[in-house]
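Trainee: One structure follows; several queries about it will come next.
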Amino acid sequence: MAIAVRPIDPISRPDFAAEMTGIDLSKTLTEEEVSAIHDGMTRFGVLVFHDQDLTDESQVAFSRQLGPLEDAISDLRAVKERRISMDLSDISNLDQNSKIMARDDRRRLFGLGNLLWHSDSSFKKVPAKYSLLSARVIPETGGNTEFADMRAAYDTLDEATKRQIHDMICEHSQIYSRGLLGFTEFTEEERRQCTPVHQRLVRRHPVTGRLSLYLASHAGTILGWPMPEARAFLMDLVEHATQRKFVYAHAWRRHDLVIWDNRVTMHRARRYDAAKVRDMRRTTVSNEVSSLEQAPPPF
Ligand code: OGA
Ligand code: MN
């Protein structure tokens, strides 16, 4: 089957979010297929594949062909309470017995952080490069995932703002993102795990050299700034970056697999009926270096 890639909205977003066809992700990929995926990601930042009936094993195997995977350690699910292996993040509303979690289940409430615009694992020193999300069971309505193009967001800033933010470093932690939703009760151990890390606000893509805004709800302050001023400033940037013209909204079909590049996008889940099953599983390819090592050239 010939590999093809076409932008989903060629008129308004010709270089953001594309559909790729002609690859069966459940099989071992050829070198040509691996390069086509990397090239597509470099160009479009988000790739959608339909009709990919994956098992956890096949998802992990094909994800590993794109780079080393992160462990799924940031979802408050204790190892013994996990439904699935540590190679996959459980992005579902199900408990370890595959039952829908109670409305007030702490793990569910923590997971609601995904409703806020973010970039995966920006709260880890070495954050995520690609995320690969597989739709196993989806509700009939709601539960879209939206993606914002952070290259376009950067490009459309005025010069004074570009200069001002050029060398800014932000502090990222899940304490900040969860705090925005009023989720504030963490154990000592969880607080230790959530020690803030530093990330650049402007980063350079190692292949294209394009700059992008590295924002996330996990970003809680800017080094050297008073926190309230930093928060207001970051909120302003998020508002700019998530204008509809920069956003692709993905309406899931069962067996879709979507890959996004966390270096150049933010994403968020949209709400859905808490009584319906939504079973999504994510593998995550590590960026291998911190954003601090992806500095743009001097302004
Ligand atoms: C994720 C995530 C959004 C969604 O898997 O990292 O944020 O729509 N998912 O489930
Ligand atoms: Mn996410």
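Residues are named by chain letter and number: chains run A, B, ... in the order of the structure tokens, numbers start at 1 in each chain, and ligands are numbered from 1 in the order shown.
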Per residue of chain A within 7 Å of ligand 1, what are the shortest atom pair and its distance in Å to one decimal, counting only C-alpha atoms and all ligand atoms, with rows by chain and residue number, as JSON lines?

Mentor:
{"residue": "A:Ile91", "atom": "CA", "partner": "ligand 1", "partner_atom_place_in_ligand_line": "5 (O)", "distance": 5.6}
{"residue": "A:Asn114", "atom": "CA", "partner": "ligand 1", "partner_atom_place_in_ligand_line": "7 (O)", "distance": 4.6}
{"residue": "A:Asp120", "atom": "CA", "partner": "ligand 1", "partner_atom_place_in_ligand_line": "6 (O)", "distance": 5.7}
{"residue": "A:Ser131", "atom": "CA", "partner": "ligand 1", "partner_atom_place_in_ligand_line": "6 (O)", "distance": 6.8}
{"residue": "A:Leu133", "atom": "CA", "partner": "ligand 1", "partner_atom_place_in_ligand_line": "5 (O)", "distance": 5.9}
{"residue": "A:Gly143", "atom": "CA", "partner": "ligand 1", "partner_atom_place_in_ligand_line": "8 (O)", "distance": 6.0}
{"residue": "A:Asn144", "atom": "CA", "partner": "ligand 1", "partner_atom_place_in_ligand_line": "8 (O)", "distance": 5.8}
{"residue": "A:Thr145", "atom": "CA", "partner": "ligand 1", "partner_atom_place_in_ligand_line": "8 (O)", "distance": 4.1}
{"residue": "A:His267", "atom": "CA", "partner": "ligand 1", "partner_atom_place_in_ligand_line": "7 (O)", "distance": 6.3}
{"residue": "A:Arg268", "atom": "CA", "partner": "ligand 1", "partner_atom_place_in_ligand_line": "3 (C)", "distance": 5.3}
{"residue": "A:Ala269", "atom": "CA", "partner": "ligand 1", "partner_atom_place_in_ligand_line": "8 (O)", "distance": 3.4}
{"residue": "A:Arg270", "atom": "CA", "partner": "ligand 1", "partner_atom_place_in_ligand_line": "8 (O)", "distance": 6.3}
{"residue": "A:Met280", "atom": "CA", "partner": "ligand 1", "partner_atom_place_in_ligand_line": "10 (O)", "distance": 6.6}
{"residue": "A:Arg282", "atom": "CA", "partner": "ligand 1", "partner_atom_place_in_ligand_line": "5 (O)", "distance": 5.6}

Trainee: Generate a file of the selected residues that holds C-alpha atoms, formatted as an mmCIF file, in the first residue's frame.

Mentor:
data_model
loop_
_atom_site.group_PDB
_atom_site.id
_atom_site.type_symbol
_atom_site.label_atom_id
_atom_site.label_comp_id
_atom_site.auth_asym_id
_atom_site.auth_seq_id
_atom_site.Cartn_x
_atom_site.Cartn_y
_atom_site.Cartn_z
ATOM 1 C CA ILE A 91 -6.125 7.530 29.684
ATOM 2 C CA ASN A 114 -6.178 16.551 30.804
ATOM 3 C CA ASP A 120 2.749 15.901 27.962
ATOM 4 C CA SER A 131 2.537 10.956 22.327
ATOM 5 C CA LEU A 133 -2.994 7.793 21.682
ATOM 6 C CA GLY A 143 -14.495 13.489 24.336
ATOM 7 C CA ASN A 144 -12.801 15.165 21.382
ATOM 8 C CA THR A 145 -9.114 15.983 21.688
ATOM 9 C CA HIS A 267 -3.589 19.590 23.528
ATOM 10 C CA ARG A 268 -6.594 19.076 25.770
ATOM 11 C CA ALA A 269 -9.390 16.568 26.181
ATOM 12 C CA ARG A 270 -13.013 17.767 25.943
ATOM 13 C CA MET A 280 -7.749 5.377 25.460
ATOM 14 C CA ARG A 282 -1.078 6.288 25.362
#

Trainee: What are the closest atom pairs, with distances in Å to one decimal, for each residue of stretch 114-142 of chain A lying within 10 Å of stretch 218-221 of chain A, using only C-alpha atoms, rows by chain and rising residue number, as a Markdown table?

Mentor:
| residue | atom | partner | partner_atom | distance |
| --- | --- | --- | --- | --- |
| A:Leu116 | CA | A:His218 | CA | 9.3 |
| A:Trp117 | CA | A:His218 | CA | 9.0 |
| A:His118 | CA | A:His218 | CA | 6.9 |
| A:Ser119 | CA | A:His218 | CA | 8.3 |
| A:Asp120 | CA | A:His218 | CA | 9.4 |
| A:Ser121 | CA | A:His218 | CA | 8.9 |
| A:Ser122 | CA | A:His218 | CA | 7.0 |
| A:Phe123 | CA | A:His218 | CA | 6.5 |

Trainee: Rank A:His38, A:Lys162, A:Arg136, A:Arg64 by their smallest atom-to-atom distance to A:Ser212, using only C-alpha atoms, and report the top residue only.

Mentor: A:Lys162

Trainee: Could you pull out all residues of stretch 53-286 of chain A with a DSSP call of strand (DSSP E or B) and give them as a VMD selection string?

Mentor: chain A and resid 69 89 to 90 94 100 118 128 to 137 145 to 149 169 to 172 197 to 200 202 to 204 211 to 213 219 to 222 247 to 250 257 to 261 265 to 269 279 to 286

Trainee: So that I can see what lies close to stretch 246-255 of chain A, please list as a list in words the residues with an atom at most 8 Å from it, counting only C-alpha atoms and leaving out residues fewer than 3 positions away in the same chain.

Mentor: Arg13, Ala17, His50, Asp51, Gln52, Asp53, Leu54, Ser134, Ala135, Arg136, Val137, Ile138, Gly143, Asn144, Thr145, Glu146, Phe147, Ala148, Asp149, Met150, Ala152, Ala153, Ala241, Thr242 and Gln243 of chain A

Trainee: Could you write those residues out with N, CA and C atoms, as a short mmCIF file (atom, residue, chain, number, x, y, z; two decimals), in the first residue's frame?

Mentor:
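The resulting out_16.cif:
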data_model
loop_
_atom_site.label_atom_id
_atom_site.label_comp_id
_atom_site.auth_asym_id
_atom_site.auth_seq_id
_atom_site.Cartn_x
_atom_site.Cartn_y
_atom_site.Cartn_z
N ARG A 13 -5.19 25.36 7.59
CA ARG A 13 -4.00 24.89 8.32
C ARG A 13 -3.21 23.91 7.46
N ALA A 17 -1.53 19.22 11.29
CA ALA A 17 -2.48 18.11 11.42
C ALA A 17 -2.82 17.48 10.06
N HIS A 50 -6.40 6.14 10.78
CA HIS A 50 -7.68 5.49 11.06
C HIS A 50 -7.53 3.97 10.98
N ASP A 51 -8.49 3.27 11.58
CA ASP A 51 -8.61 1.81 11.43
C ASP A 51 -7.35 1.05 11.84
N GLN A 52 -6.80 1.41 12.98
CA GLN A 52 -5.62 0.71 13.50
C GLN A 52 -6.06 -0.05 14.75
N ASP A 53 -6.36 -1.33 14.56
CA ASP A 53 -6.87 -2.16 15.65
C ASP A 53 -5.67 -2.71 16.43
N LEU A 54 -5.21 -1.96 17.42
CA LEU A 54 -3.97 -2.31 18.11
C LEU A 54 -4.24 -3.02 19.43
N SER A 134 -4.27 5.79 21.39
CA SER A 134 -5.07 4.79 20.67
C SER A 134 -6.47 4.74 21.28
N ALA A 135 -7.48 4.85 20.43
CA ALA A 135 -8.88 4.85 20.89
C ALA A 135 -9.41 3.43 20.84
N ARG A 136 -9.58 2.82 22.01
CA ARG A 136 -10.08 1.44 22.08
C ARG A 136 -11.59 1.44 22.23
N VAL A 137 -12.12 2.25 23.13
CA VAL A 137 -13.57 2.41 23.28
C VAL A 137 -13.83 3.90 23.47
N ILE A 138 -14.78 4.43 22.71
CA ILE A 138 -15.07 5.87 22.83
C ILE A 138 -16.56 6.08 23.07
N GLY A 143 -15.79 14.14 24.25
CA GLY A 143 -14.49 13.49 24.34
C GLY A 143 -13.59 13.71 23.13
N ASN A 144 -13.78 14.81 22.42
CA ASN A 144 -12.80 15.16 21.38
C ASN A 144 -11.46 15.47 22.04
N THR A 145 -10.40 15.46 21.23
CA THR A 145 -9.11 15.98 21.69
C THR A 145 -8.74 17.13 20.76
N GLU A 146 -8.35 18.26 21.35
CA GLU A 146 -7.99 19.43 20.55
C GLU A 146 -6.49 19.66 20.61
N PHE A 147 -5.95 20.10 19.48
CA PHE A 147 -4.51 20.34 19.36
C PHE A 147 -4.28 21.77 18.88
N ALA A 148 -3.34 22.47 19.50
CA ALA A 148 -3.01 23.84 19.10
C ALA A 148 -1.58 23.89 18.57
N ASP A 149 -1.40 24.60 17.48
CA ASP A 149 -0.11 24.70 16.79
C ASP A 149 0.75 25.80 17.44
N MET A 150 1.74 25.38 18.20
CA MET A 150 2.54 26.34 18.97
C MET A 150 3.65 26.99 18.14
N ALA A 152 2.81 28.21 14.98
CA ALA A 152 2.01 29.33 14.48
C ALA A 152 1.78 30.35 15.59
N ALA A 153 1.58 29.85 16.82
CA ALA A 153 1.36 30.76 17.95
C ALA A 153 2.59 31.63 18.15
N ALA A 241 -2.34 31.57 22.02
CA ALA A 241 -1.90 30.34 21.33
C ALA A 241 -3.06 29.41 21.00
N THR A 242 -4.21 29.59 21.66
CA THR A 242 -5.30 28.63 21.48
C THR A 242 -6.50 29.25 20.74
N GLN A 243 -6.24 30.32 20.01
CA GLN A 243 -7.28 30.86 19.14
C GLN A 243 -7.73 29.76 18.18
#

Trainee: Which residue is closest to A:Arg263? Choose from A:Pro139, A:Pro206, A:Pro10, A:Gly179 and count only C-alpha atoms.

Mentor: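 Of the candidates, the smallest distance to A:Arg263 is held by A:Pro206.
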
Trainee: Among stretch 85-225 of chain A, which residues does DSSP mark as alpha helix (DSSP H) when it is run on the backbone? Keep the chain and numbering as in the structure and answer as number ranges by chain.

Mentor: A: 106-111, 150-155, 159-165, 174-180, 188-193

Trainee: Take the residues from that selection and write them out as a CSV table (one decimal), in the first residue's frame, keeping N, CA, C and O atoms.

Mentor:
chain,number,residue,atom,x,y,z
A,106,ARG,N,-10.4,9.8,43.3
A,106,ARG,CA,-9.3,10.7,43.3
A,106,ARG,C,-8.5,10.6,42.0
A,106,ARG,O,-8.0,11.5,41.4
A,107,ARG,N,-8.4,9.3,41.5
A,107,ARG,CA,-7.6,9.1,40.2
A,107,ARG,C,-8.3,9.8,39.1
A,107,ARG,O,-7.7,10.3,38.2
A,108,ARG,N,-9.6,9.7,39.1
A,108,ARG,CA,-10.4,10.3,38.0
A,108,ARG,C,-10.3,11.9,38.1
A,108,ARG,O,-10.0,12.5,37.1
A,109,LEU,N,-10.4,12.4,39.3
A,109,LEU,CA,-10.3,13.8,39.4
A,109,LEU,C,-8.9,14.3,39.0
A,109,LEU,O,-8.8,15.4,38.4
A,110,PHE,N,-7.9,13.6,39.4
A,110,PHE,CA,-6.5,13.9,38.9
A,110,PHE,C,-6.4,13.9,37.4
A,110,PHE,O,-5.9,14.8,36.8
A,111,GLY,N,-7.0,12.9,36.8
A,111,GLY,CA,-7.0,12.8,35.3
A,111,GLY,C,-7.8,13.9,34.6
A,111,GLY,O,-7.5,14.2,33.4
A,150,MET,N,1.7,25.4,18.2
A,150,MET,CA,2.5,26.3,19.0
A,150,MET,C,3.6,27.0,18.1
A,150,MET,O,4.3,27.9,18.6
A,151,ARG,N,3.8,26.5,16.9
A,151,ARG,CA,4.8,27.2,16.0
A,151,ARG,C,4.0,28.4,15.4
A,151,ARG,O,4.6,29.5,15.4
A,152,ALA,N,2.8,28.2,15.0
A,152,ALA,CA,2.0,29.3,14.5
A,152,ALA,C,1.8,30.4,15.6
A,152,ALA,O,1.8,31.6,15.4
A,153,ALA,N,1.6,29.8,16.8
A,153,ALA,CA,1.4,30.8,18.0
A,153,ALA,C,2.6,31.6,18.2
A,153,ALA,O,2.5,32.8,18.4
A,154,TYR,N,3.8,31.0,18.1
A,154,TYR,CA,5.0,31.8,18.2
A,154,TYR,C,5.1,32.8,17.1
A,154,TYR,O,5.4,34.0,17.3
A,155,ASP,N,5.0,32.3,15.9
A,155,ASP,CA,5.2,33.2,14.7
A,155,ASP,C,4.4,34.4,14.7
A,155,ASP,O,4.8,35.5,14.1
A,159,GLU,N,6.9,41.5,17.7
A,159,GLU,CA,8.3,41.5,17.9
A,159,GLU,C,8.7,41.7,19.4
A,159,GLU,O,9.7,41.1,19.9
A,160,ALA,N,8.1,42.7,20.0
A,160,ALA,CA,8.4,43.0,21.4
A,160,ALA,C,8.2,41.9,22.3
A,160,ALA,O,9.1,41.6,23.2
A,161,THR,N,7.1,41.1,22.1
A,161,THR,CA,6.9,40.0,23.0
A,161,THR,C,7.9,38.9,22.7
A,161,THR,O,8.4,38.2,23.6
A,162,LYS,N,8.2,38.7,21.4
A,162,LYS,CA,9.2,37.6,21.0
A,162,LYS,C,10.5,37.9,21.7
A,162,LYS,O,11.1,37.0,22.3
A,163,ARG,N,10.9,39.2,21.7
A,163,ARG,CA,12.1,39.6,22.4
A,163,ARG,C,12.1,39.4,23.9
A,163,ARG,O,13.0,38.8,24.5
A,164,GLN,N,10.9,39.8,24.4
A,164,GLN,CA,10.8,39.7,25.9
A,164,GLN,C,10.8,38.2,26.4
A,164,GLN,O,11.4,37.9,27.4
A,165,ILE,N,10.3,37.3,25.6
A,165,ILE,CA,10.2,35.9,26.1
A,165,ILE,C,11.3,35.0,25.7
A,165,ILE,O,11.4,33.9,26.1
A,174,GLN,N,2.9,19.3,38.1
A,174,GLN,CA,1.5,18.9,38.1
A,174,GLN,C,0.8,19.5,39.3
A,174,GLN,O,-0.5,19.6,39.3
A,175,ILE,N,1.5,20.0,40.3
A,175,ILE,CA,0.9,20.7,41.4
A,175,ILE,C,0.2,22.0,40.9
A,175,ILE,O,-0.9,22.3,41.3
A,176,TYR,N,0.8,22.6,39.9
A,176,TYR,CA,0.2,23.9,39.4
A,176,TYR,C,-1.0,23.6,38.5
A,176,TYR,O,-2.0,24.2,38.7
A,177,SER,N,-0.9,22.6,37.6
A,177,SER,CA,-2.1,22.3,36.7
A,177,SER,C,-3.2,21.8,37.6
A,177,SER,O,-4.4,22.2,37.4
A,178,ARG,N,-3.0,20.9,38.5
A,178,ARG,CA,-4.1,20.4,39.3
A,178,ARG,C,-4.7,21.5,40.2
A,178,ARG,O,-5.9,21.5,40.5
A,179,GLY,N,-3.8,22.3,40.7
A,179,GLY,CA,-4.2,23.5,41.5
A,179,GLY,C,-5.3,24.3,40.8
A,179,GLY,O,-6.2,24.9,41.4
A,180,LEU,N,-5.1,24.5,39.5
A,180,LEU,CA,-6.1,25.3,38.7
A,180,LEU,C,-7.5,24.7,38.8
A,180,LEU,O,-8.5,25.5,38.7
A,188,GLU,N,2.7,13.7,51.0
A,188,GLU,CA,4.1,14.2,51.0
A,188,GLU,C,4.9,13.6,49.9
A,188,GLU,O,5.6,14.2,49.2
A,189,GLU,N,4.6,12.3,49.7
A,189,GLU,CA,5.3,11.5,48.6
A,189,GLU,C,5.0,12.1,47.2
A,189,GLU,O,5.8,12.3,46.4
A,190,GLU,N,3.7,12.4,47.0
A,190,GLU,CA,3.2,12.9,45.7
A,190,GLU,C,3.9,14.3,45.5
A,190,GLU,O,4.3,14.7,44.4
A,191,ARG,N,3.9,15.1,46.6
A,191,ARG,CA,4.6,16.4,46.5
A,191,ARG,C,6.0,16.3,46.1
A,191,ARG,O,6.5,17.1,45.3
A,192,ARG,N,6.7,15.3,46.7
A,192,ARG,CA,8.1,15.1,46.3
A,192,ARG,C,8.2,14.8,44.8
A,192,ARG,O,9.1,15.3,44.1
A,193,GLN,N,7.3,13.9,44.3
A,193,GLN,CA,7.3,13.5,42.9
A,193,GLN,C,7.0,14.7,42.0
A,193,GLN,O,7.4,14.7,40.8

Trainee: Tell me which protein, DNA and RNA residues are within 12 Å of A:Leu25, counting only C-alpha atoms, leaving out same-chain ones fewer than 4 positions away, and put them as a VMD selection string.

Mentor: chain A and resid 20 to 21 29 to 30 33 to 34 37 48 to 66 132 134 255 to 259

Trainee: Would you put the residues from that selection into a file with C-alpha atoms, as a short mmCIF file (atom, residue, chain, number, x, y, z; two decimals), in the first residue's frame?

Mentor:
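again05.cif written:
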data_model
loop_
_atom_site.label_atom_id
_atom_site.label_comp_id
_atom_site.auth_asym_id
_atom_site.auth_seq_id
_atom_site.Cartn_x
_atom_site.Cartn_y
_atom_site.Cartn_z
CA MET A 20 -1.60 9.42 7.04
CA THR A 21 -2.73 6.32 5.14
CA LEU A 29 7.35 -1.09 10.38
CA THR A 30 9.82 -0.91 7.51
CA GLU A 33 7.51 3.66 7.05
CA VAL A 34 9.41 4.85 10.13
CA ILE A 37 6.13 8.96 10.08
CA VAL A 48 -4.06 10.83 12.39
CA PHE A 49 -4.27 7.15 11.42
CA HIS A 50 -7.68 5.49 11.06
CA ASP A 51 -8.61 1.81 11.43
CA GLN A 52 -5.62 0.71 13.50
CA ASP A 53 -6.87 -2.16 15.65
CA LEU A 54 -3.97 -2.31 18.11
CA THR A 55 -3.29 -4.41 21.18
CA ASP A 56 -1.14 -3.00 24.00
CA GLU A 57 1.71 -5.16 22.70
CA SER A 58 1.47 -3.96 19.11
CA GLN A 59 1.10 -0.33 20.21
CA VAL A 60 4.21 -0.58 22.40
CA ALA A 61 6.19 -2.39 19.69
CA PHE A 62 5.47 0.14 16.96
CA SER A 63 5.94 3.12 19.34
CA ARG A 64 9.40 1.79 20.28
CA GLN A 65 10.35 1.91 16.61
CA LEU A 66 10.00 5.72 16.85
CA LEU A 132 0.63 8.15 20.62
CA SER A 134 -5.07 4.79 20.67
CA HIS A 255 -9.32 2.40 16.41
CA ASP A 256 -7.93 5.81 15.57
CA LEU A 257 -4.31 6.31 16.51
CA VAL A 258 -3.16 9.91 16.77
CA ILE A 259 0.45 10.97 17.21
#

Trainee: When you count only C-alpha atoms, which of these residues is closest to A:Leu76: A:Lys125, A:Cys194, A:Ser12, A:Leu47?

Mentor: A:Cys194

Trainee: When you look at A:Thr284 with a cut-off of 6 Å (counting only C-alpha atoms), what residues show up, excluding the ones that are within fewer than 4 positions of it in the same chain? I need them as a ChimeraX atom specification.

Mentor: /A:69-70,130-131

Trainee: Go ahead and write the residues just picked, all heavy atoms, as a short mmCIF file (atom, residue, chain, number, x, y, z; two decimals), in the first residue's frame.

Mentor:
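Result file again-v2.cif:
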data_model
loop_
_atom_site.label_atom_id
_atom_site.label_comp_id
_atom_site.auth_asym_id
_atom_site.auth_seq_id
_atom_site.Cartn_x
_atom_site.Cartn_y
_atom_site.Cartn_z
N LEU A 69 10.76 4.81 24.98
CA LEU A 69 9.48 5.18 25.63
C LEU A 69 9.69 5.66 27.06
O LEU A 69 10.60 5.22 27.75
CB LEU A 69 8.53 3.98 25.65
CG LEU A 69 8.16 3.37 24.31
CD1 LEU A 69 7.01 2.38 24.50
CD2 LEU A 69 7.76 4.44 23.30
N GLU A 70 8.78 6.54 27.48
CA GLU A 70 8.69 6.95 28.88
C GLU A 70 7.91 5.90 29.66
O GLU A 70 6.99 5.30 29.12
CB GLU A 70 7.80 8.20 28.99
CG GLU A 70 8.46 9.48 28.88
CD GLU A 70 7.45 10.61 29.15
OE1 GLU A 70 6.30 10.38 29.57
OE2 GLU A 70 7.85 11.74 28.92
N TYR A 130 7.02 12.54 21.31
CA TYR A 130 5.75 12.17 20.70
C TYR A 130 4.84 11.49 21.73
O TYR A 130 5.30 10.70 22.54
CB TYR A 130 5.93 11.14 19.60
CG TYR A 130 6.78 11.51 18.43
CD1 TYR A 130 7.44 10.50 17.70
CD2 TYR A 130 6.94 12.82 18.00
CE1 TYR A 130 8.22 10.80 16.60
CE2 TYR A 130 7.72 13.13 16.89
CZ TYR A 130 8.36 12.11 16.20
OH TYR A 130 9.14 12.39 15.11
N SER A 131 3.54 11.76 21.63
CA SER A 131 2.54 10.96 22.33
C SER A 131 1.72 10.23 21.28
O SER A 131 1.43 10.79 20.22
CB SER A 131 1.61 11.83 23.16
OG SER A 131 2.31 12.40 24.24
#

Trainee: Can you pull out every residue within 10 Å of A:Arg204, counting only C-alpha atoms, but drop anything in the same chain fewer than 6 positions away, and send it as a ChimeraX atom specification?

Mentor: /A:151,210-214,263-264,291-297

Trainee: Restricted to N, CA and C atoms, what would the selected residues look like written as a PDB file, in the first residue's frame?

Mentor:
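Listed below is the output, part.pdb:
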ATOM      1  N   ARG A 151       3.848  26.515  16.916  1.00  0.00           N
ATOM      2  CA  ARG A 151       4.764  27.200  15.988  1.00  0.00           C
ATOM      3  C   ARG A 151       4.046  28.420  15.438  1.00  0.00           C
ATOM      4  N   ARG A 210      12.515  25.613  13.438  1.00  0.00           N
ATOM      5  CA  ARG A 210      11.387  26.514  13.754  1.00  0.00           C
ATOM      6  C   ARG A 210      11.259  26.690  15.262  1.00  0.00           C
ATOM      7  N   LEU A 211      10.836  27.877  15.667  1.00  0.00           N
ATOM      8  CA  LEU A 211      10.653  28.138  17.096  1.00  0.00           C
ATOM      9  C   LEU A 211       9.194  27.906  17.461  1.00  0.00           C
ATOM     10  N   SER A 212       8.990  27.486  18.692  1.00  0.00           N
ATOM     11  CA  SER A 212       7.609  27.338  19.161  1.00  0.00           C
ATOM     12  C   SER A 212       7.504  27.756  20.609  1.00  0.00           C
ATOM     13  N   LEU A 213       6.272  28.078  20.997  1.00  0.00           N
ATOM     14  CA  LEU A 213       5.974  28.445  22.382  1.00  0.00           C
ATOM     15  C   LEU A 213       5.789  27.151  23.161  1.00  0.00           C
ATOM     16  N   TYR A 214       6.539  26.997  24.229  1.00  0.00           N
ATOM     17  CA  TYR A 214       6.409  25.777  25.038  1.00  0.00           C
ATOM     18  C   TYR A 214       5.620  26.127  26.294  1.00  0.00           C
ATOM     19  N   ARG A 263       6.581  18.952  21.448  1.00  0.00           N
ATOM     20  CA  ARG A 263       7.487  20.104  21.373  1.00  0.00           C
ATOM     21  C   ARG A 263       6.849  21.265  20.642  1.00  0.00           C
ATOM     22  N   VAL A 264       5.865  20.979  19.802  1.00  0.00           N
ATOM     23  CA  VAL A 264       5.294  22.025  18.946  1.00  0.00           C
ATOM     24  C   VAL A 264       3.770  22.142  19.064  1.00  0.00           C
ATOM     25  N   SER A 291      14.126  20.717  27.369  1.00  0.00           N
ATOM     26  CA  SER A 291      13.956  21.860  26.450  1.00  0.00           C
ATOM     27  C   SER A 291      15.065  22.887  26.666  1.00  0.00           C
ATOM     28  N   LEU A 292      15.704  22.841  27.839  1.00  0.00           N
ATOM     29  CA  LEU A 292      16.806  23.787  28.103  1.00  0.00           C
ATOM     30  C   LEU A 292      17.922  23.590  27.081  1.00  0.00           C
ATOM     31  N   GLU A 293      17.980  22.388  26.507  1.00  0.00           N
ATOM     32  CA  GLU A 293      19.004  22.102  25.494  1.00  0.00           C
ATOM     33  C   GLU A 293      18.508  22.357  24.078  1.00  0.00           C
ATOM     34  N   GLN A 294      17.323  22.965  23.949  1.00  0.00           N
ATOM     35  CA  GLN A 294      16.798  23.264  22.602  1.00  0.00           C
ATOM     36  C   GLN A 294      16.538  24.767  22.475  1.00  0.00           C
ATOM     37  N   ALA A 295      17.557  25.534  22.878  1.00  0.00           N
ATOM     38  CA  ALA A 295      17.455  26.983  22.892  1.00  0.00           C
ATOM     39  C   ALA A 295      17.420  27.533  21.465  1.00  0.00           C
ATOM     40  N   PRO A 296      16.671  28.623  21.260  1.00  0.00           N
ATOM     41  CA  PRO A 296      16.721  29.279  19.958  1.00  0.00           C
ATOM     42  C   PRO A 296      18.033  30.049  19.814  1.00  0.00           C
ATOM     43  N   PRO A 297      18.419  30.428  18.596  1.00  0.00           N
ATOM     44  CA  PRO A 297      19.623  31.251  18.450  1.00  0.00           C
ATOM     45  C   PRO A 297      19.389  32.609  19.111  1.00  0.00           C
TER      46      PRO A 297
END

Trainee: Excluding A:Arg43 and residues on its chain fewer than 4 positions from it, collect all residues at most 8 Å away from it, counting only C-alpha atoms, and give them as a count of residues only.

Mentor: 3

Trainee: How many Å lie between atom CA of A:Met266 and atom CA of A:Ser35, rounded to one decimal?

Mentor: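 Separation of atom CA of A:Met266 and atom CA of A:Ser35: 23.6 Å.
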